[in-house]
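Shown below: structure-v2.txt, with compact mmCIF, C-alpha atoms.
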# COMPACT_ATOMS: atom_id res chain seq x y z
CA MET A 1 -26.43 -18.19 0.00
CA LYS A 2 -25.00 -17.26 -3.40
CA ILE A 3 -21.24 -16.99 -3.55
CA LEU A 4 -19.19 -14.75 -5.82
CA ILE A 5 -15.40 -15.01 -5.92
CA LEU A 6 -13.58 -11.91 -7.12
CA GLY A 7 -10.13 -12.76 -8.44
CA GLY A 8 -7.47 -11.10 -10.54
CA PHE A 9 -3.93 -9.86 -10.31
CA LEU A 10 -2.66 -7.35 -7.74
CA GLY A 11 -3.92 -3.85 -8.43
CA SER A 12 -6.42 -4.93 -11.08
CA GLY A 13 -9.27 -3.15 -9.29
CA LYS A 14 -10.96 -5.93 -7.31
CA THR A 15 -11.80 -3.82 -4.26
CA SER A 16 -13.27 -0.99 -6.36
CA VAL A 17 -15.44 -3.48 -8.24
CA LEU A 18 -16.45 -5.15 -4.98
CA LEU A 19 -17.68 -1.83 -3.59
CA GLN A 20 -19.88 -1.26 -6.64
CA LEU A 21 -21.13 -4.84 -6.66
CA ALA A 22 -22.03 -4.81 -2.96
CA ARG A 23 -23.91 -1.53 -3.38
CA TYR A 24 -25.78 -2.95 -6.39
CA LEU A 25 -26.80 -6.11 -4.53
CA VAL A 26 -28.17 -4.09 -1.61
CA GLU A 27 -30.00 -1.70 -3.97
CA GLN A 28 -31.72 -4.65 -5.64
CA SER A 29 -33.37 -5.61 -2.36
CA THR A 30 -37.01 -6.55 -2.58
CA GLY A 31 -39.33 -6.75 0.38
CA ASP A 32 -39.07 -5.02 3.73
CA SER A 33 -35.53 -5.85 4.78
CA PRO A 34 -32.42 -5.06 2.74
CA THR A 35 -30.47 -7.85 1.12
CA ARG A 36 -27.74 -9.12 3.42
CA VAL A 37 -24.31 -9.15 1.75
CA ALA A 38 -21.30 -10.62 3.54
CA ILE A 39 -17.75 -9.90 2.47
CA ILE A 40 -14.67 -12.01 3.07
CA GLU A 41 -11.47 -10.10 2.45
CA ASN A 42 -8.35 -12.17 1.96
CA GLU A 43 -5.07 -10.27 1.88
CA ILE A 44 -1.64 -11.71 1.48
CA GLY A 45 -0.01 -9.20 3.81
CA GLN A 46 -0.06 -9.48 7.57
CA ILE A 47 -1.76 -6.10 7.91
CA GLY A 48 -4.99 -5.63 5.97
CA ILE A 49 -5.60 -2.50 3.93
CA ASP A 50 -8.49 -3.32 1.58
CA ASP A 51 -10.60 -4.39 4.57
CA LYS A 52 -10.05 -0.96 6.11
CA LEU A 53 -11.17 0.69 2.89
CA LEU A 54 -14.33 -1.44 2.81
CA ARG A 55 -15.08 -0.70 6.46
CA SER A 56 -14.57 3.01 5.82
CA CYS A 57 -17.31 2.67 3.21
CA GLY A 58 -19.68 1.17 5.78
CA TYR A 59 -19.35 -2.57 5.20
CA THR A 60 -18.75 -5.30 7.75
CA VAL A 61 -15.88 -7.47 6.66
CA THR A 62 -14.46 -10.82 7.71
CA ASP A 63 -10.68 -10.77 7.33
CA ILE A 64 -8.28 -13.54 6.47
CA PHE A 65 -4.74 -12.19 6.41
CA SER A 66 -1.19 -13.28 5.84
CA GLY A 67 -1.63 -15.85 3.12
CA CYS A 68 -4.00 -17.15 0.50
CA VAL A 69 -7.30 -18.93 1.06
CA CYS A 70 -6.62 -20.81 -2.16
CA CYS A 71 -3.94 -22.85 -0.40
CA SER A 72 -2.42 -22.32 3.06
CA LEU A 73 -5.45 -20.65 4.61
CA ASN A 74 -8.27 -22.71 3.10
CA SER A 75 -9.28 -24.03 6.52
CA ASP A 76 -9.66 -20.41 7.71
CA LEU A 77 -11.94 -19.81 4.73
CA ILE A 78 -14.13 -22.80 5.55
CA SER A 79 -14.47 -21.87 9.20
CA GLY A 80 -15.06 -18.23 8.24
CA ILE A 81 -17.93 -19.17 5.92
CA GLN A 82 -19.47 -21.49 8.52
CA GLU A 83 -19.40 -18.66 11.03
CA ILE A 84 -20.95 -16.20 8.58
CA ARG A 85 -23.76 -18.64 7.76
CA LYS A 86 -24.45 -19.20 11.44
CA GLU A 87 -24.37 -15.57 12.50
CA THR A 88 -25.64 -13.59 9.51
CA ASP A 89 -27.03 -16.11 7.03
CA PRO A 90 -26.62 -13.65 4.15
CA GLN A 91 -28.23 -13.96 0.73
CA TRP A 92 -24.87 -13.11 -0.86
CA LEU A 93 -21.29 -13.83 0.07
CA VAL A 94 -18.57 -12.03 -1.88
CA ILE A 95 -15.02 -13.31 -1.43
CA GLU A 96 -12.24 -11.00 -2.56
CA ALA A 97 -9.21 -13.17 -3.23
CA THR A 98 -5.65 -11.94 -2.94
CA GLY A 99 -4.02 -10.76 -6.14
CA VAL A 100 -1.85 -13.88 -6.20
CA ALA A 101 -4.61 -16.41 -5.56
CA PHE A 102 -6.07 -18.96 -7.94
CA PRO A 103 -9.86 -18.42 -7.75
CA ASP A 104 -10.64 -21.86 -9.17
CA LYS A 105 -8.89 -23.45 -6.19
CA ILE A 106 -11.07 -21.41 -3.84
CA ALA A 107 -14.19 -22.57 -5.69
CA GLU A 108 -12.96 -26.16 -5.46
CA THR A 109 -12.35 -25.83 -1.70
CA LEU A 110 -15.89 -24.51 -1.18
CA PHE A 111 -17.46 -27.28 -3.23
CA LYS A 112 -15.45 -30.14 -1.77
CA ASN A 113 -15.72 -29.06 1.86
CA LEU A 114 -19.07 -27.31 2.06
CA GLY A 115 -20.88 -28.48 -1.07
CA LEU A 116 -21.28 -24.85 -2.13
CA GLU A 117 -21.30 -23.69 -5.75
CA SER A 118 -19.73 -20.35 -6.56
CA ARG A 119 -19.24 -18.01 -9.50
CA ILE A 120 -15.78 -16.75 -10.40
CA ILE A 121 -15.31 -13.20 -11.65
CA THR A 122 -11.74 -12.42 -12.70
CA LEU A 123 -10.45 -8.93 -13.30
CA VAL A 124 -7.74 -8.23 -15.83
CA ASP A 125 -5.67 -5.05 -15.73
CA ALA A 126 -5.50 -3.93 -19.39
CA LYS A 127 -2.75 -1.43 -18.67
CA ARG A 128 -0.39 -4.00 -17.15
CA TRP A 129 -1.34 -7.03 -19.25
CA GLN A 130 1.70 -6.83 -21.54
CA ARG A 131 4.06 -6.20 -18.61
CA ILE A 132 2.98 -9.16 -16.49
CA ARG A 133 1.62 -11.64 -19.04
CA ILE A 134 4.95 -13.44 -19.68
CA PRO A 135 6.92 -13.01 -16.40
CA LEU A 136 3.96 -14.20 -14.33
CA GLU A 137 2.40 -16.51 -16.90
CA ASN A 138 1.38 -19.37 -14.58
CA LEU A 139 -0.36 -17.03 -12.19
CA ILE A 140 -2.08 -14.94 -14.85
CA ILE A 141 -3.36 -17.94 -16.81
CA GLY A 142 -4.30 -19.73 -13.58
CA GLN A 143 -6.43 -16.80 -12.47
CA LEU A 144 -8.47 -17.05 -15.67
CA ASN A 145 -9.12 -20.79 -15.27
CA ASP A 146 -12.80 -21.60 -14.83
CA ALA A 147 -13.76 -17.92 -14.59
CA HIS A 148 -17.43 -17.45 -15.48
CA LEU A 149 -16.92 -13.77 -16.17
CA ILE A 150 -13.84 -11.76 -17.10
CA LEU A 151 -13.83 -8.01 -16.60
CA LEU A 152 -11.17 -6.19 -18.59
CA ASN A 153 -10.47 -3.16 -16.40
CA LYS A 154 -8.63 0.16 -16.92
CA THR A 155 -9.65 0.15 -20.58
CA ASP A 156 -9.51 3.95 -20.64
CA LEU A 157 -5.73 3.77 -20.25
CA VAL A 158 -5.06 1.57 -23.29
CA GLU A 159 -5.41 2.07 -27.07
CA GLU A 160 -8.21 0.23 -28.87
CA ALA A 161 -5.80 -1.95 -30.89
CA GLU A 162 -4.14 -3.18 -27.71
CA LEU A 163 -7.52 -3.86 -26.10
CA LEU A 164 -8.53 -5.99 -29.08
CA ALA A 165 -5.26 -7.93 -28.83
CA ILE A 166 -5.81 -8.57 -25.11
CA GLU A 167 -9.40 -9.65 -25.71
CA SER A 168 -8.20 -12.06 -28.35
CA GLU A 169 -5.71 -13.60 -25.90
CA LEU A 170 -8.37 -13.81 -23.19
CA GLN A 171 -10.65 -15.60 -25.63
CA GLU A 172 -7.93 -18.17 -26.27
CA LEU A 173 -7.25 -18.62 -22.57
CA ASN A 174 -10.90 -18.95 -21.55
CA ASP A 175 -13.43 -19.06 -24.35
CA ALA A 176 -16.33 -20.03 -22.08
CA ALA A 177 -16.31 -16.89 -19.93
CA ARG A 178 -18.37 -13.85 -20.76
CA LYS A 179 -16.19 -10.76 -21.12
CA PHE A 180 -16.86 -7.09 -20.54
CA ARG A 181 -14.82 -3.93 -20.59
CA ILE A 182 -14.89 -1.63 -17.58
CA SER A 183 -12.83 1.32 -16.38
CA GLY A 184 -12.21 3.31 -13.24
CA ILE A 185 -13.43 6.57 -14.78
CA ARG A 186 -17.08 5.62 -14.85
CA PRO A 187 -19.33 3.35 -12.77
CA ILE A 188 -19.92 -0.20 -13.94
CA GLU A 189 -23.12 -0.42 -16.00
CA ALA A 190 -26.11 -1.98 -14.25
CA ALA A 191 -26.38 -4.58 -17.03
CA ILE A 192 -22.84 -5.79 -16.29
CA LEU A 193 -23.48 -5.82 -12.53
CA GLN A 194 -26.54 -7.93 -13.19
CA VAL A 195 -24.46 -10.44 -15.18
CA MET A 196 -21.86 -10.45 -12.39
CA ALA A 197 -24.51 -11.36 -9.86
CA HIS A 198 -26.81 -13.62 -11.80
CA GLY A 199 -24.93 -14.79 -14.86
CA MET B 1 23.98 -18.28 1.45
CA VAL B 2 24.04 -17.01 5.02
CA LYS B 3 23.27 -13.31 5.36
CA ILE B 4 24.64 -11.23 8.21
CA ILE B 5 22.08 -8.70 9.44
CA SER B 6 22.39 -5.90 11.94
CA SER B 7 20.81 -6.86 15.26
CA ARG B 8 19.20 -3.41 15.27
CA LYS B 9 16.83 -4.70 12.62
CA LEU B 10 15.09 -6.92 15.18
CA THR B 11 14.09 -3.81 17.12
CA LYS B 12 12.95 -2.02 13.95
CA ARG B 13 10.87 -5.01 12.83
CA ARG B 14 9.08 -5.08 16.17
CA GLN B 15 8.70 -1.30 16.35
CA TYR B 16 6.97 -1.16 12.96
CA GLN B 17 5.18 -4.55 13.25
CA LEU B 18 6.99 -5.67 10.13
CA GLN B 19 5.80 -9.03 8.77
CA THR B 20 6.60 -10.75 5.52
CA THR B 21 4.55 -13.35 3.64
CA VAL B 22 5.74 -15.16 0.53
CA HIS B 23 3.28 -16.58 -2.01
CA GLU B 24 3.58 -17.43 -5.72
CA GLY B 25 6.90 -15.62 -5.91
CA ALA B 26 5.47 -12.45 -4.38
CA LEU B 27 6.94 -10.91 -1.27
CA ALA B 28 4.32 -9.14 0.81
CA VAL B 29 5.90 -6.95 3.45
CA SER B 30 3.54 -5.14 5.84
CA GLY B 31 4.19 -2.64 8.56
CA GLY B 32 2.43 0.05 10.52
CA LEU B 33 2.62 3.12 12.72
CA HIS B 34 0.46 4.85 15.29
CA LEU B 35 -0.33 8.41 14.28
CA SER B 36 -1.68 11.65 15.58
CA GLU B 37 -4.91 12.97 14.09
CA GLN B 38 -3.27 16.16 12.90
CA SER B 39 -1.16 14.49 10.31
CA LEU B 40 -3.47 13.52 7.41
CA SER B 41 -2.70 16.41 5.05
CA SER B 42 1.06 16.10 5.26
CA MET B 43 0.80 12.31 5.08
CA THR B 44 -0.69 12.50 1.58
CA GLU B 45 2.38 14.19 0.09
CA THR B 46 4.85 12.22 2.17
CA LEU B 47 3.26 8.88 1.32
CA GLU B 48 3.00 9.79 -2.35
CA ASN B 49 6.72 10.59 -2.43
CA ALA B 50 7.58 7.47 -0.47
CA LEU B 51 5.66 5.25 -2.89
CA HIS B 52 7.26 6.97 -5.90
CA ASN B 53 10.68 6.30 -4.41
CA LEU B 54 9.82 2.68 -3.66
CA ASN B 55 8.62 2.23 -7.25
CA ASN B 56 11.97 3.56 -8.46
CA TRP B 57 13.86 1.32 -6.07
CA VAL B 58 12.03 -1.77 -7.36
CA LEU B 59 12.76 -0.71 -10.95
CA VAL B 60 16.47 -0.18 -10.23
CA ASN B 61 16.59 -3.60 -8.57
CA ARG B 62 14.93 -5.24 -11.58
CA GLY B 63 11.87 -6.29 -9.61
CA LEU B 64 8.20 -5.97 -10.43
CA VAL B 65 5.73 -4.04 -8.33
CA GLY B 66 2.60 -6.07 -7.63
CA HIS B 67 0.80 -3.53 -5.48
CA ILE B 68 2.02 -1.06 -2.90
CA LYS B 69 -0.67 0.35 -0.63
CA GLY B 70 -0.78 2.73 2.27
CA PHE B 71 -3.83 3.42 4.42
CA VAL B 72 -4.13 6.14 7.01
CA GLN B 73 -7.06 5.54 9.37
CA LEU B 74 -8.30 8.42 11.46
CA SER B 75 -11.61 8.94 13.19
CA GLY B 76 -14.18 9.88 10.53
CA LYS B 77 -11.76 10.05 7.64
CA ALA B 78 -9.17 7.97 5.90
CA LEU B 79 -6.54 8.18 3.20
CA MET B 80 -5.70 5.42 0.73
CA VAL B 81 -2.53 5.73 -1.35
CA SER B 82 -1.56 3.04 -3.85
CA THR B 83 0.56 2.26 -6.86
CA THR B 84 1.15 -0.62 -9.23
CA GLY B 85 4.53 0.68 -10.33
CA ASN B 86 3.84 3.84 -12.28
CA GLU B 87 1.75 6.72 -11.04
CA VAL B 88 0.70 6.93 -7.39
CA ASN B 89 -3.02 7.30 -6.76
CA TYR B 90 -4.64 8.55 -3.63
CA GLN B 91 -8.18 8.75 -2.33
CA ILE B 92 -9.44 10.61 0.73
CA ILE B 93 -12.48 9.04 2.34
CA GLU B 94 -14.67 11.45 4.28
CA ASN B 95 -17.46 10.31 6.60
CA GLY B 96 -15.60 7.09 7.28
CA GLU B 97 -15.48 4.97 10.40
CA THR B 98 -15.87 6.97 13.59
CA ASP B 99 -15.32 4.09 16.00
CA VAL B 100 -11.56 4.22 15.54
CA LYS B 101 -9.64 3.34 18.68
CA GLU B 102 -6.29 4.66 17.47
CA ASN B 103 -5.04 6.50 14.42
CA THR B 104 -2.85 4.27 12.32
CA LEU B 105 -0.88 4.07 9.13
CA SER B 106 -0.70 0.65 7.47
CA LEU B 107 1.68 -0.03 4.63
CA THR B 108 1.97 -3.12 2.45
CA ALA B 109 4.38 -3.67 -0.43
CA ILE B 110 3.78 -6.72 -2.62
CA VAL B 111 6.74 -7.05 -4.94
CA PHE B 112 8.22 -9.76 -7.18
CA GLY B 113 11.88 -10.49 -7.84
CA VAL B 114 13.66 -8.49 -5.14
CA ASP B 115 15.61 -9.50 -2.06
CA GLN B 116 13.38 -9.90 0.99
CA LEU B 117 15.70 -8.20 3.46
CA ALA B 118 16.33 -5.30 1.10
CA LEU B 119 12.59 -4.77 0.63
CA GLU B 120 12.02 -4.91 4.38
CA GLU B 121 14.77 -2.32 4.79
CA GLN B 122 12.98 -0.05 2.33
CA LEU B 123 9.76 -0.29 4.32
CA ILE B 124 11.58 0.41 7.56
CA MET B 125 13.11 3.50 5.95
CA ILE B 126 9.71 4.75 4.82
CA LEU B 127 8.08 4.14 8.20
CA GLU B 128 11.00 5.72 9.98
CA SER B 129 10.86 8.88 7.88
CA LEU B 130 7.07 9.12 8.22
CA GLU B 131 7.38 8.79 11.96
CA LYS B 132 10.11 11.41 12.16
CA GLU B 133 8.28 13.82 9.86
CA GLU B 134 5.15 13.42 11.93
CA LYS B 135 7.02 14.19 15.12
CA MET B 136 8.57 17.26 13.53
CA MET B 137 5.22 18.47 12.26
CA LEU B 138 3.34 17.87 15.49
CA LYS B 139 5.87 19.71 17.58
CA ASN B 140 6.37 22.25 14.78
CA GLU B 141 10.05 21.79 15.33
CA ALA B 142 13.06 20.14 13.81
CA VAL B 143 14.99 17.08 15.00
CA MET B 144 18.35 18.16 16.44
CA ILE B 145 21.56 16.28 15.82
CA ASP B 146 25.26 17.05 15.90
CA TYR B 147 27.36 16.73 12.77
CA ILE B 148 31.09 16.10 13.33
CA ASP B 149 33.29 16.88 10.32
CA ASP B 150 36.61 15.23 9.33
CA GLU B 151 38.52 17.63 11.58
CA GLY B 152 36.39 16.84 14.59
CA VAL B 153 34.49 20.15 14.61
CA VAL B 154 30.96 19.75 15.97
CA TYR B 155 28.05 21.53 14.25
CA ALA B 156 24.61 21.61 15.85
CA MET B 157 22.15 20.85 13.03
CA SER B 158 18.36 20.85 12.74
CA ILE B 159 16.93 18.31 10.31
CA ILE B 160 13.99 19.77 8.45
CA LYS B 161 13.28 17.19 5.75
CA TYR B 162 13.99 13.56 4.87
CA VAL B 163 14.43 12.56 1.23
CA ASP B 164 14.72 8.96 0.02
CA PHE B 165 16.69 8.55 -3.19
CA GLY B 166 18.48 5.64 -4.86
CA GLY B 167 17.92 3.30 -1.93
CA LYS B 168 19.48 5.75 0.54
CA ARG B 169 18.05 8.39 2.80
CA PHE B 170 19.22 11.98 2.74
CA VAL B 171 18.31 14.90 4.94
CA LEU B 172 18.07 18.63 4.54
CA ALA B 173 19.42 20.33 7.63
CA THR B 174 20.19 23.82 8.83
CA GLU B 175 22.90 24.93 11.25
CA ARG B 176 21.80 26.25 14.66
CA THR B 177 24.90 28.22 15.60
CA ASN B 178 23.10 31.58 15.51
CA HIS B 179 20.41 30.41 17.89
CA HIS B 180 20.34 31.19 21.54
CA THR B 181 20.58 28.34 24.05
CA HIS B 182 17.44 26.57 25.13
CA HIS B 183 18.23 25.03 28.47
CA HIS B 184 14.55 24.83 29.32
CA HIS B 185 13.70 22.50 26.43
CA ASP B 186 13.69 18.78 26.78
CA GLU B 187 15.99 16.68 24.61
CA GLY B 188 17.75 19.72 23.19
CA VAL B 189 14.75 20.61 21.07
CA CYS B 190 13.95 24.19 20.17
CA ASN B 191 10.39 25.28 19.45
CA CYS B 192 10.50 29.05 19.82
CA HIS B 193 10.24 29.82 16.13
CA GLU B 194 9.32 33.44 16.58
CA HIS B 195 12.95 34.17 17.49
CA HIS B 196 14.40 32.45 14.49
CA GLU B 197 15.09 33.46 10.93
CA SER B 198 12.67 32.20 8.27
CA LEU B 199 13.51 29.11 6.21
CA GLN B 200 14.12 31.23 3.10
CA ASP B 201 16.96 33.05 4.87
CA GLN B 202 18.68 29.88 6.02
CA HIS B 203 21.33 27.80 4.31
CA LEU B 204 20.21 24.23 3.90
CA TYR B 205 22.81 21.49 3.96
CA VAL B 206 22.40 18.04 2.45
CA PHE B 207 23.66 14.98 4.30
CA GLU B 208 23.27 11.27 3.90
CA TRP B 209 21.37 9.86 6.86
CA LEU B 210 22.86 6.75 8.43
CA SER B 211 20.03 5.07 10.31
CA GLU B 212 22.08 2.04 11.35
CA VAL B 213 23.78 4.12 14.04
CA PRO B 214 21.61 4.48 17.17
CA GLY B 215 20.09 7.97 17.07
CA GLY B 216 21.20 8.33 13.45
CA LYS B 217 24.29 9.96 11.99
CA LEU B 218 24.89 12.66 9.40
CA ILE B 219 27.56 11.98 6.81
CA PRO B 220 28.61 14.44 4.09
CA VAL B 221 27.66 13.91 0.44
CA ASN B 222 29.93 14.53 -2.53
CA ASP B 223 29.20 16.95 -5.40
CA GLU B 224 27.96 14.19 -7.71
CA THR B 225 25.37 13.05 -5.17
CA LEU B 226 24.31 16.63 -4.53
CA GLU B 227 23.85 17.16 -8.28
CA ALA B 228 21.82 13.95 -8.58
CA LEU B 229 19.60 15.10 -5.71
CA ARG B 230 19.20 18.66 -6.97
CA SER B 231 16.12 18.07 -9.15
CA ILE B 232 14.30 16.38 -6.27
CA LEU B 233 15.29 19.01 -3.76
CA ASP B 234 14.43 21.91 -6.09
CA ALA B 235 10.97 20.44 -6.59
CA ARG B 236 10.39 20.72 -2.85
Once you've parsed the file, please lay out its structure as structure tokens.
Amino acid sequence: MKILILGGFLGSGKTSVLLQLARYLVEQSTGDSPTRVAIIENEIGQIGIDDKLLRSCGYTVTDIFSGCVCCSLNSDLISGIQEIRKETDPQWLVIEATGVAFPDKIAETLFKNLGLESRIITLVDAKRWQRIRIPLENLIIGQLNDAHLILLNKTDLVEEAELLAIESELQELNDAARKFRISGIRPIEAAILQVMAHG
Amino acid sequence: MVKIISSRKLTKRRQYQLQTTVHEGALAVSGGLHLSEQSLSSMTETLENALHNLNNWVLVNRGLVGHIKGFVQLSGKALMVSTTGNEVNYQIIENGETDVKENTLSLTAIVFGVDQLALEEQLIMILESLEKEEKMMLKNEAVMIDYIDDEGVVYAMSIIKYVDFGGKRFVLATERTNHHTHHHHDEGVCNCHEHHESLQDQHLYVFEWLSEVPGGKLIPVNDETLEALRSILDAR
């Protein structure tokens, strides 16, 4: 089971990206049966909304509500993954973190408790970068820690000069991650989806 | 600091399943409502307005909107409305889940830097107005309430619209004095619209809506408030 962790600040577009990624993974199926993709949806609020959106689009979702799996709910995450492995044994597991989670802590929990490696994909909202970068510095920088891939989203809403400035900051904050631009006005390119899935 | 809160809020919290989670400085307040299937189209506009108003409230209170999301789940279709502080986006999902046991509206506001109780109060106000608007729309009738002026004169009013502005709720109401009596209707509610004048011919009065009083209470607004509300009301 390959694990992808989708992180990034609130409203950065994680659920929209997850929908495209899940569709891509299923479309890449080889053989007779389609690739099995499991989704864990973690939402900070008591009542889930993104899980309802995913279900409306035909996916089966495991929910973990009312807190973050990066800290207070990490035992729920471990038991959730064990259950998924037992019942579905999917080829892929995609975990959508809350917008205030630290994805590297989730990866650490999975490795320490289950011995599972995972890839971190962090989304950055280009339109709100300047607004949230300083007031929420610890969170924003923490979400970029150990990310294997950074997707700069909503690039259609920002001038080129500002995009270059953001990319320069992202490079300083995490020079090891591969970085791509995406936007909500067109589908994510297959080449980027392939990197998201396989590196 | 100890805060004194109206005991009525306990009932409201339970009624709207209000729950609050705090994480990394973010307040996540969630609530919900049960809905009728007929209400999706009107919900889009109402939710859009509600989220716009909540954005403004957060701005006025020097907070930061993380994400505010509303989801209306009906059988076979759904509506997602969301904002990160500026424009409000919505998406209607056709051919959605059909195995829906009950129609629901879920609302979550994740906000930084505002008072928890004040944010909860905002969500209660939104859920309350959505619920009341839905009732009005389903019955195709207005909510009736008496307005008592400073001299103790009672006016029978019909509320036709709720408007949230500046952290307060206002209502547009019309007077019912020209109407005949409807002894046969339950709860003093009139639904025989064919007898009544059209909305264009009616005078609409603006009141502040006091939800803290059981059943609600209409209180008059001054000229300054009316002027501040005019652009919003004209747009409707």
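For the set B:Gly70, B:Pro220, B:Gly166, B:Gly63, the residue with the smallest atom-to-atom gap to chain A is B:Gly70, counting all atoms listed in the file.
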Fewer than 6 positions away in the same chain doesn't count, so skip those; otherwise give me all residues within 9 Å of region 39-48 of chain A, counting all atoms listed in the file, as JSON, numbers by chain.
{"A": [18, 22, 59, 60, 61, 62, 63, 64, 65, 66, 67, 68, 69, 77, 80, 81, 92, 93, 94, 95, 96, 97, 98, 99, 100, 101], "B": [17, 18, 19, 20, 21, 22, 23, 27, 28, 29, 30, 31, 32, 106, 107, 108, 109, 110]}
Residue neighbourhood Asp104 (chain A), 12 Å, only C-alpha atoms, exclusion window fewer than 4 positions, as number ranges by chain:
A: 4-8, 69-71, 97, 108-111, 117-122, 139, 141-148
Interatomic distance between CA of Pro90 (chain A) and CA of Arg36 (chain A)?
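Computing the Euclidean distance for CA of Pro90 (chain A) and CA of Arg36 (chain A) yields 4.7 Å.
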Val206 (chain B) environment, 8 Å, all atoms listed in the file, sequence neighbours closer than 2 positions dropped, as a PyMOL selection string:
chain B and resi 170-173+204+208+220-221+226
Do you know which residues lie at most 9 Å from (9.0, 1.0, 6.8), with coordinates as in the file and all atoms listed in the file counted, and could you write them as a ChimeraX atom specification?
/B:12-13,16,18,30-33,107,120-130
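Comparing the minimum interatomic distances between Asn222 (chain B) and each of B:Ile145, B:Tyr205, B:Leu210, B:Thr44, counting all atoms listed in the file, we find that B:Tyr205 sits nearest.
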All residues 10 Å or closer to Leu152 (chain A), only C-alpha atoms, same chain fewer than 6 positions away omitted, as a PyMOL selection string
chain A and resi 12-13+122-127+129+163+166-167+170+179-183
Which residue is closest to Ile68 (chain B)? Choose from B:Gln116, B:Thr84, B:Thr104, B:Gln91 and count all atoms listed in the file.
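Checking each of B:Gln116, B:Thr84, B:Thr104, B:Gln91 against Ile68 (chain B), counting all atoms listed in the file, the winner is B:Thr84.
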Could all heavy atoms be built for region 106-110 of chain A and written out as a PDB file, keeping the file's coordinate frame?
ATOM      1  N   ILE A 106     -10.148 -21.820  -4.913  1.00  0.00           N
ATOM      2  CA  ILE A 106     -11.070 -21.410  -3.840  1.00  0.00           C
ATOM      3  C   ILE A 106     -12.440 -22.045  -4.088  1.00  0.00           C
ATOM      4  O   ILE A 106     -13.059 -22.609  -3.173  1.00  0.00           O
ATOM      5  CB  ILE A 106     -11.193 -19.863  -3.788  1.00  0.00           C
ATOM      6  CG1 ILE A 106      -9.820 -19.228  -3.517  1.00  0.00           C
ATOM      7  CG2 ILE A 106     -12.210 -19.429  -2.730  1.00  0.00           C
ATOM      8  CD1 ILE A 106      -9.799 -17.713  -3.600  1.00  0.00           C
ATOM      9  N   ALA A 107     -12.886 -21.985  -5.344  1.00  0.00           N
ATOM     10  CA  ALA A 107     -14.190 -22.570  -5.690  1.00  0.00           C
ATOM     11  C   ALA A 107     -14.184 -24.072  -5.394  1.00  0.00           C
ATOM     12  O   ALA A 107     -15.171 -24.626  -4.871  1.00  0.00           O
ATOM     13  CB  ALA A 107     -14.486 -22.316  -7.167  1.00  0.00           C
ATOM     14  N   GLU A 108     -13.073 -24.719  -5.693  1.00  0.00           N
ATOM     15  CA  GLU A 108     -12.960 -26.160  -5.460  1.00  0.00           C
ATOM     16  C   GLU A 108     -13.030 -26.472  -3.958  1.00  0.00           C
ATOM     17  O   GLU A 108     -13.718 -27.420  -3.539  1.00  0.00           O
ATOM     18  CB  GLU A 108     -11.614 -26.632  -6.034  1.00  0.00           C
ATOM     19  CG  GLU A 108     -11.467 -28.124  -6.116  1.00  0.00           C
ATOM     20  CD  GLU A 108     -10.073 -28.498  -6.628  1.00  0.00           C
ATOM     21  OE1 GLU A 108      -9.481 -27.735  -7.410  1.00  0.00           O
ATOM     22  OE2 GLU A 108      -9.591 -29.565  -6.208  1.00  0.00           O
ATOM     23  N   THR A 109     -12.338 -25.651  -3.160  1.00  0.00           N
ATOM     24  CA  THR A 109     -12.350 -25.830  -1.700  1.00  0.00           C
ATOM     25  C   THR A 109     -13.790 -25.722  -1.172  1.00  0.00           C
ATOM     26  O   THR A 109     -14.231 -26.533  -0.345  1.00  0.00           O
ATOM     27  CB  THR A 109     -11.486 -24.750  -1.019  1.00  0.00           C
ATOM     28  OG1 THR A 109     -10.147 -24.946  -1.428  1.00  0.00           O
ATOM     29  CG2 THR A 109     -11.565 -24.817   0.499  1.00  0.00           C
ATOM     30  N   LEU A 110     -14.512 -24.714  -1.661  1.00  0.00           N
ATOM     31  CA  LEU A 110     -15.890 -24.510  -1.180  1.00  0.00           C
ATOM     32  C   LEU A 110     -16.785 -25.682  -1.552  1.00  0.00           C
ATOM     33  O   LEU A 110     -17.618 -26.126  -0.762  1.00  0.00           O
ATOM     34  CB  LEU A 110     -16.465 -23.212  -1.768  1.00  0.00           C
ATOM     35  CG  LEU A 110     -15.744 -21.912  -1.409  1.00  0.00           C
ATOM     36  CD1 LEU A 110     -16.466 -20.707  -1.995  1.00  0.00           C
ATOM     37  CD2 LEU A 110     -15.645 -21.768   0.097  1.00  0.00           C
TER      38      LEU A 110
END
